[in-house]
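Undergrad: Pasting a structure below so you can have a look.
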Amino acid sequence: MRILVVDDDAAVRRVLVKTLHEIGGFSVEEAESAEDALQKIESRTFDLVLTDLKLPGMDGLQLITRIVSSTPEILTILVTGHATIDSAVEAMKRGASDYLIKPFAMEDMLARVRRVLEEKKRFVSIDGRSRGCLFSWEKLKEMKEGQIEFWAGDGFTRLKIVEVSDREGILHMITTEGKLTWPLRFHKLEEVHSRIHRREISVLAYEIEKHIPTWGNYVAGLLKYLGCDRVGP
């Protein structure tokens, strides 16, 4: 796993790089500005970017926005201070995977980085993954923020995601008639997603109903919208 640390303070970069490499065992590079980071991203492959909020020129939020739009496979974590915690919330809305509030313990930083990267490994290790599949927790949050509507599996009911809780790992969907789902847990959606890509079940309501009772039709529509019915060979 390759990590890019972005901070204009050389001493801070040195400590983060040393901790991530020597204790975490990661391959780590560093950049002193967002512009420098984007140049490195163009020529190298990274799994995660750990960026400070306050940078010369383009700030950390703008950098995250650029990364999410151009290379969404690279995960991001924002580092911010207590006085700018609203920026951390904004970063999550823009697609960041997590945030760290200064001052933080190196052990906590490593734990958060490992958790984010473990989530990425689970997605990329699915055998027979769809070429066009967009399923991810970040994509579900993006759909909620954008108020994206989609059809249920039967093609008769319009739906949208109205709540996504990072703390509890759940989401709610609602129909245009106002019918709200019970809490749908992401780990159950991920389990169904994995079964589809392993060819154990198909994106059909009655198949998904066995694993997510009552809401199989709605989940089938969500997974179809995300491309899970276009499984590669």
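Residues are named by chain letter and number: chains run A, B, ... in the order of the structure tokens, numbers start at 1 in each chain, and ligands are numbered from 1 in the order shown.
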If you run DSSP on this backbone, which residues of stretch 122-202 of chain A come out as alpha helix (DSSP H), and could you give them as JSON, numbers by chain?
TA: {"A": [122, 123, 124, 137, 138, 139, 140, 141, 142, 143, 144, 145, 146, 186, 187, 188, 189, 190, 191, 192, 193, 194, 195, 196, 197]}
Undergrad: Using only C-alpha atoms, which protein or nucleic acid residues come within 12 Å of stretch 225-230 of chain A? Drop anything in the same chain fewer than 5 positions from it, and give the result as a PyMOL selection string.
TA: chain A and resi 128-137+139-140+142-143+148-153+155+158-160+189-190+192-199+201-204+218-220
Undergrad: Would you mind exporting the chosen residues as a short mmCIF file (atom, residue, chain, number, x, y, z; two decimals), in the first residue's frame, restricted to C-alpha atoms?
TA:
```cif
data_model
loop_
_atom_site.label_atom_id
_atom_site.label_comp_id
_atom_site.auth_asym_id
_atom_site.auth_seq_id
_atom_site.Cartn_x
_atom_site.Cartn_y
_atom_site.Cartn_z
CA GLY A 128 -14.98 -11.31 -10.89
CA ARG A 129 -15.73 -7.70 -9.98
CA SER A 130 -17.88 -5.78 -12.45
CA ARG A 131 -15.97 -3.59 -14.88
CA GLY A 132 -18.47 -0.78 -14.41
CA CYS A 133 -19.49 -1.28 -10.78
CA LEU A 134 -19.50 1.89 -8.64
CA PHE A 135 -20.60 0.29 -5.35
CA SER A 136 -18.90 1.83 -2.32
CA TRP A 137 -19.81 3.60 0.89
CA LYS A 139 -20.72 6.44 -3.68
CA LEU A 140 -23.79 5.92 -1.48
CA GLU A 142 -22.53 10.92 -2.94
CA MET A 143 -25.95 9.71 -4.10
CA ILE A 148 -30.03 10.90 -6.99
CA GLU A 149 -33.20 8.99 -7.87
CA PHE A 150 -33.27 5.45 -9.27
CA TRP A 151 -35.78 2.69 -10.03
CA ALA A 152 -36.50 -0.25 -7.74
CA GLY A 153 -35.78 -3.70 -9.12
CA GLY A 155 -38.94 -0.83 -12.52
CA ARG A 158 -38.67 5.56 -7.81
CA LEU A 159 -36.26 5.72 -4.87
CA LYS A 160 -33.56 7.89 -3.36
CA LEU A 189 -25.26 -4.58 1.31
CA GLU A 190 -21.56 -5.37 0.96
CA VAL A 192 -24.91 -9.12 -1.17
CA HIS A 193 -22.62 -7.14 -3.48
CA SER A 194 -19.83 -9.68 -2.93
CA ARG A 195 -22.16 -12.63 -3.58
CA ILE A 196 -23.28 -11.06 -6.86
CA HIS A 197 -19.71 -10.58 -8.00
CA ARG A 198 -18.81 -14.13 -6.99
CA ARG A 199 -21.76 -15.28 -9.16
CA ILE A 201 -26.67 -14.80 -6.67
CA SER A 202 -27.97 -12.41 -9.32
CA VAL A 203 -29.30 -8.85 -9.09
CA LEU A 204 -32.89 -10.01 -8.75
CA TYR A 218 -35.28 -1.77 -3.41
CA VAL A 219 -31.75 -3.10 -2.93
CA ALA A 220 -31.89 -4.79 -6.34
#
```
Undergrad: Please compute the atom CA of A:Asp166-atom CA of A:Glu200 distance, one decimal, in Å.
TA: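 So the two atoms, atom CA of A:Asp166 and atom CA of A:Glu200, lie 28.4 Å apart.
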Undergrad: Can you list every residue in stretch 11-229 of chain A that DSSP puts in strand (DSSP E or B), as number ranges by chain?
TA: A: 27-31, 48-52, 75-81, 98-102, 149-151, 158-165, 170-175, 180, 184-185
Undergrad: Once you have the residues from the selection above, write them out as a short mmCIF file (atom, residue, chain, number, x, y, z; two decimals), in the first residue's frame, restricted to N, CA and C atoms.
TA:
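Final output, saved to part28.cif:
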```cif
data_model
loop_
_atom_site.label_atom_id
_atom_site.label_comp_id
_atom_site.auth_asym_id
_atom_site.auth_seq_id
_atom_site.Cartn_x
_atom_site.Cartn_y
_atom_site.Cartn_z
N SER A 27 4.64 1.98 2.12
CA SER A 27 5.51 2.71 1.21
C SER A 27 4.99 4.15 1.18
N VAL A 28 5.85 5.12 1.52
CA VAL A 28 5.37 6.49 1.73
C VAL A 28 6.20 7.48 0.91
N GLU A 29 5.49 8.43 0.30
CA GLU A 29 6.14 9.58 -0.34
C GLU A 29 5.54 10.84 0.25
N GLU A 30 6.17 11.98 -0.01
CA GLU A 30 5.70 13.23 0.58
C GLU A 30 5.63 14.34 -0.45
N ALA A 31 4.76 15.32 -0.15
CA ALA A 31 4.61 16.51 -1.00
C ALA A 31 4.38 17.70 -0.08
N LEU A 48 -3.63 5.94 -0.95
CA LEU A 48 -4.22 6.88 0.00
C LEU A 48 -3.39 8.16 0.05
N VAL A 49 -4.09 9.29 0.19
CA VAL A 49 -3.44 10.58 0.39
C VAL A 49 -3.85 11.12 1.76
N LEU A 50 -2.86 11.41 2.58
CA LEU A 50 -3.08 12.00 3.91
C LEU A 50 -2.66 13.46 3.81
N THR A 51 -3.63 14.38 3.85
CA THR A 51 -3.32 15.77 3.59
C THR A 51 -3.74 16.71 4.70
N ASP A 52 -2.90 17.70 4.97
CA ASP A 52 -3.25 18.75 5.92
C ASP A 52 -4.25 19.68 5.25
N LEU A 75 -7.95 6.90 -1.98
CA LEU A 75 -8.68 7.32 -0.79
C LEU A 75 -7.97 8.52 -0.16
N THR A 76 -8.72 9.30 0.62
CA THR A 76 -8.16 10.51 1.21
C THR A 76 -8.54 10.64 2.68
N ILE A 77 -7.61 11.19 3.46
CA ILE A 77 -7.86 11.52 4.87
C ILE A 77 -7.38 12.96 5.08
N LEU A 78 -8.24 13.79 5.67
CA LEU A 78 -7.91 15.19 5.93
C LEU A 78 -7.41 15.35 7.37
N VAL A 79 -6.35 16.13 7.54
CA VAL A 79 -5.85 16.48 8.86
C VAL A 79 -6.20 17.93 9.12
N THR A 80 -6.89 18.20 10.23
CA THR A 80 -7.33 19.56 10.53
C THR A 80 -7.25 19.83 12.02
N GLY A 81 -7.38 21.09 12.40
CA GLY A 81 -7.35 21.47 13.81
C GLY A 81 -8.74 21.58 14.39
N ASP A 98 -11.96 9.70 5.76
CA ASP A 98 -11.87 9.93 7.20
C ASP A 98 -11.17 11.26 7.43
N TYR A 99 -11.08 11.67 8.70
CA TYR A 99 -10.33 12.87 9.04
C TYR A 99 -9.69 12.69 10.40
N LEU A 100 -8.63 13.45 10.65
CA LEU A 100 -7.91 13.45 11.91
C LEU A 100 -7.87 14.88 12.43
N ILE A 101 -8.13 15.04 13.73
CA ILE A 101 -8.12 16.36 14.34
C ILE A 101 -6.87 16.52 15.20
N LYS A 102 -6.09 17.58 14.93
CA LYS A 102 -4.87 17.86 15.69
C LYS A 102 -5.23 18.35 17.09
N GLU A 149 -32.07 9.91 -7.85
CA GLU A 149 -33.20 8.99 -7.87
C GLU A 149 -32.90 7.81 -8.80
N PHE A 150 -33.46 6.64 -8.45
CA PHE A 150 -33.27 5.45 -9.27
C PHE A 150 -34.49 4.56 -9.12
N TRP A 151 -34.63 3.58 -10.04
CA TRP A 151 -35.78 2.69 -10.03
C TRP A 151 -35.54 1.49 -9.11
N ARG A 158 -39.84 4.68 -7.84
CA ARG A 158 -38.67 5.56 -7.81
C ARG A 158 -38.19 5.70 -6.37
N LEU A 159 -36.85 5.68 -6.20
CA LEU A 159 -36.26 5.72 -4.87
C LEU A 159 -35.14 6.74 -4.81
N LYS A 160 -34.79 7.13 -3.58
CA LYS A 160 -33.56 7.89 -3.36
C LYS A 160 -33.08 7.64 -1.93
N ILE A 161 -31.79 7.83 -1.70
CA ILE A 161 -31.20 7.66 -0.37
C ILE A 161 -31.38 8.97 0.38
N VAL A 162 -31.95 8.88 1.60
CA VAL A 162 -32.22 10.10 2.37
C VAL A 162 -31.38 10.22 3.62
N GLU A 163 -30.70 9.15 4.03
CA GLU A 163 -29.86 9.23 5.22
C GLU A 163 -28.70 8.24 5.10
N VAL A 164 -27.50 8.68 5.44
CA VAL A 164 -26.32 7.82 5.49
C VAL A 164 -25.59 8.14 6.78
N SER A 165 -25.45 7.14 7.66
CA SER A 165 -24.82 7.35 8.95
C SER A 165 -23.46 6.67 8.99
N ILE A 170 -25.21 2.68 8.49
CA ILE A 170 -26.53 2.36 7.95
C ILE A 170 -26.97 3.45 6.98
N LEU A 171 -27.98 3.09 6.17
CA LEU A 171 -28.60 4.09 5.30
C LEU A 171 -30.10 3.82 5.23
N HIS A 172 -30.85 4.85 4.85
CA HIS A 172 -32.28 4.73 4.61
C HIS A 172 -32.58 5.17 3.19
N MET A 173 -33.53 4.48 2.55
CA MET A 173 -34.04 4.90 1.25
C MET A 173 -35.51 5.27 1.42
N ILE A 174 -36.01 6.12 0.52
CA ILE A 174 -37.41 6.51 0.57
C ILE A 174 -37.99 6.50 -0.84
N THR A 175 -39.26 6.13 -0.96
CA THR A 175 -39.93 6.15 -2.26
C THR A 175 -40.50 7.54 -2.52
N LEU A 180 -40.53 4.85 3.80
CA LEU A 180 -39.15 4.82 4.26
C LEU A 180 -38.73 3.40 4.61
N LEU A 184 -30.85 0.06 6.66
CA LEU A 184 -30.13 -0.92 5.86
C LEU A 184 -28.66 -0.85 6.22
N ARG A 185 -28.11 -1.92 6.74
CA ARG A 185 -26.73 -1.91 7.20
C ARG A 185 -25.78 -2.15 6.01
#
```
Undergrad: Do you have the atom CA of A:Val6-atom CA of A:Leu63 distance handy?
TA: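 Atom CA of A:Leu63 lies at a distance of 9.8 Å from atom CA of A:Val6.
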Undergrad: Excluding stretch 22-24 of chain A and any residue of its chain fewer than 2 positions from it, enumerate the residues within 12 Å of it, using only C-alpha atoms, and give them as a ChimeraX atom specification.
TA: /A:1-3,14-20,26-28,106-114,117
Undergrad: Would you mind exporting N, CA and C atoms of the selected residues as a PDB file, in the first residue's frame?
TA:
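Final file, again.pdb:
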```pdb
ATOM      1  N   MET A   1       0.839  -1.191   0.000  1.00  0.00           N
ATOM      2  CA  MET A   1       0.000   0.000   0.000  1.00  0.00           C
ATOM      3  C   MET A   1       0.878   1.247   0.000  1.00  0.00           C
ATOM      4  N   ARG A   2       0.588   2.165  -0.936  1.00  0.00           N
ATOM      5  CA  ARG A   2       1.406   3.375  -1.084  1.00  0.00           C
ATOM      6  C   ARG A   2       0.624   4.591  -0.599  1.00  0.00           C
ATOM      7  N   ILE A   3       1.256   5.379   0.243  1.00  0.00           N
ATOM      8  CA  ILE A   3       0.623   6.555   0.844  1.00  0.00           C
ATOM      9  C   ILE A   3       1.399   7.806   0.466  1.00  0.00           C
ATOM     10  N   ARG A  14       8.084  14.792   8.130  1.00  0.00           N
ATOM     11  CA  ARG A  14       9.119  13.845   8.525  1.00  0.00           C
ATOM     12  C   ARG A  14       8.596  12.849   9.557  1.00  0.00           C
ATOM     13  N   VAL A  15       7.863  13.346  10.554  1.00  0.00           N
ATOM     14  CA  VAL A  15       7.316  12.478  11.601  1.00  0.00           C
ATOM     15  C   VAL A  15       6.269  11.519  11.028  1.00  0.00           C
ATOM     16  N   LEU A  16       5.376  12.040  10.183  1.00  0.00           N
ATOM     17  CA  LEU A  16       4.336  11.194   9.597  1.00  0.00           C
ATOM     18  C   LEU A  16       4.931  10.124   8.690  1.00  0.00           C
ATOM     19  N   VAL A  17       5.864  10.523   7.845  1.00  0.00           N
ATOM     20  CA  VAL A  17       6.502   9.562   6.934  1.00  0.00           C
ATOM     21  C   VAL A  17       7.229   8.484   7.724  1.00  0.00           C
ATOM     22  N   LYS A  18       7.973   8.889   8.742  1.00  0.00           N
ATOM     23  CA  LYS A  18       8.728   7.930   9.563  1.00  0.00           C
ATOM     24  C   LYS A  18       7.791   6.937  10.254  1.00  0.00           C
ATOM     25  N   THR A  19       6.692   7.447  10.815  1.00  0.00           N
ATOM     26  CA  THR A  19       5.744   6.579  11.521  1.00  0.00           C
ATOM     27  C   THR A  19       5.060   5.614  10.557  1.00  0.00           C
ATOM     28  N   LEU A  20       4.577   6.136   9.440  1.00  0.00           N
ATOM     29  CA  LEU A  20       3.867   5.296   8.478  1.00  0.00           C
ATOM     30  C   LEU A  20       4.775   4.232   7.869  1.00  0.00           C
ATOM     31  N   PHE A  26       4.264   0.910   5.567  1.00  0.00           N
ATOM     32  CA  PHE A  26       3.756   1.372   4.280  1.00  0.00           C
ATOM     33  C   PHE A  26       4.879   1.964   3.421  1.00  0.00           C
ATOM     34  N   SER A  27       4.642   1.978   2.115  1.00  0.00           N
ATOM     35  CA  SER A  27       5.510   2.708   1.205  1.00  0.00           C
ATOM     36  C   SER A  27       4.991   4.147   1.181  1.00  0.00           C
ATOM     37  N   VAL A  28       5.846   5.118   1.520  1.00  0.00           N
ATOM     38  CA  VAL A  28       5.374   6.486   1.726  1.00  0.00           C
ATOM     39  C   VAL A  28       6.196   7.485   0.909  1.00  0.00           C
ATOM     40  N   MET A 106       0.023   9.189  17.270  1.00  0.00           N
ATOM     41  CA  MET A 106       0.461   8.445  16.097  1.00  0.00           C
ATOM     42  C   MET A 106      -0.228   7.084  15.998  1.00  0.00           C
ATOM     43  N   GLU A 107      -0.500   6.475  17.161  1.00  0.00           N
ATOM     44  CA  GLU A 107      -1.182   5.173  17.167  1.00  0.00           C
ATOM     45  C   GLU A 107      -2.582   5.304  16.580  1.00  0.00           C
ATOM     46  N   ASP A 108      -3.265   6.404  16.920  1.00  0.00           N
ATOM     47  CA  ASP A 108      -4.611   6.631  16.392  1.00  0.00           C
ATOM     48  C   ASP A 108      -4.544   6.872  14.890  1.00  0.00           C
ATOM     49  N   MET A 109      -3.554   7.648  14.446  1.00  0.00           N
ATOM     50  CA  MET A 109      -3.396   7.907  13.018  1.00  0.00           C
ATOM     51  C   MET A 109      -3.187   6.610  12.253  1.00  0.00           C
ATOM     52  N   LEU A 110      -2.314   5.742  12.765  1.00  0.00           N
ATOM     53  CA  LEU A 110      -2.050   4.468  12.093  1.00  0.00           C
ATOM     54  C   LEU A 110      -3.303   3.601  12.045  1.00  0.00           C
ATOM     55  N   ALA A 111      -4.060   3.583  13.149  1.00  0.00           N
ATOM     56  CA  ALA A 111      -5.281   2.769  13.200  1.00  0.00           C
ATOM     57  C   ALA A 111      -6.295   3.248  12.179  1.00  0.00           C
ATOM     58  N   ARG A 112      -6.437   4.569  12.038  1.00  0.00           N
ATOM     59  CA  ARG A 112      -7.403   5.113  11.094  1.00  0.00           C
ATOM     60  C   ARG A 112      -6.965   4.837   9.656  1.00  0.00           C
ATOM     61  N   VAL A 113      -5.677   4.970   9.384  1.00  0.00           N
ATOM     62  CA  VAL A 113      -5.158   4.693   8.044  1.00  0.00           C
ATOM     63  C   VAL A 113      -5.373   3.226   7.692  1.00  0.00           C
ATOM     64  N   ARG A 114      -5.063   2.328   8.619  1.00  0.00           N
ATOM     65  CA  ARG A 114      -5.237   0.891   8.357  1.00  0.00           C
ATOM     66  C   ARG A 114      -6.700   0.553   8.112  1.00  0.00           C
ATOM     67  N   LEU A 117      -7.681   1.654   4.571  1.00  0.00           N
ATOM     68  CA  LEU A 117      -7.065   0.813   3.553  1.00  0.00           C
ATOM     69  C   LEU A 117      -7.623  -0.603   3.555  1.00  0.00           C
TER      70      LEU A 117
END
```
Undergrad: Between atom CA of A:Asp59 and atom CA of A:Lys144, what is the distance in Å, rounded to a tenth?
TA: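 Calculated distance between atom CA of A:Asp59 and atom CA of A:Lys144 is 25.2 Å.
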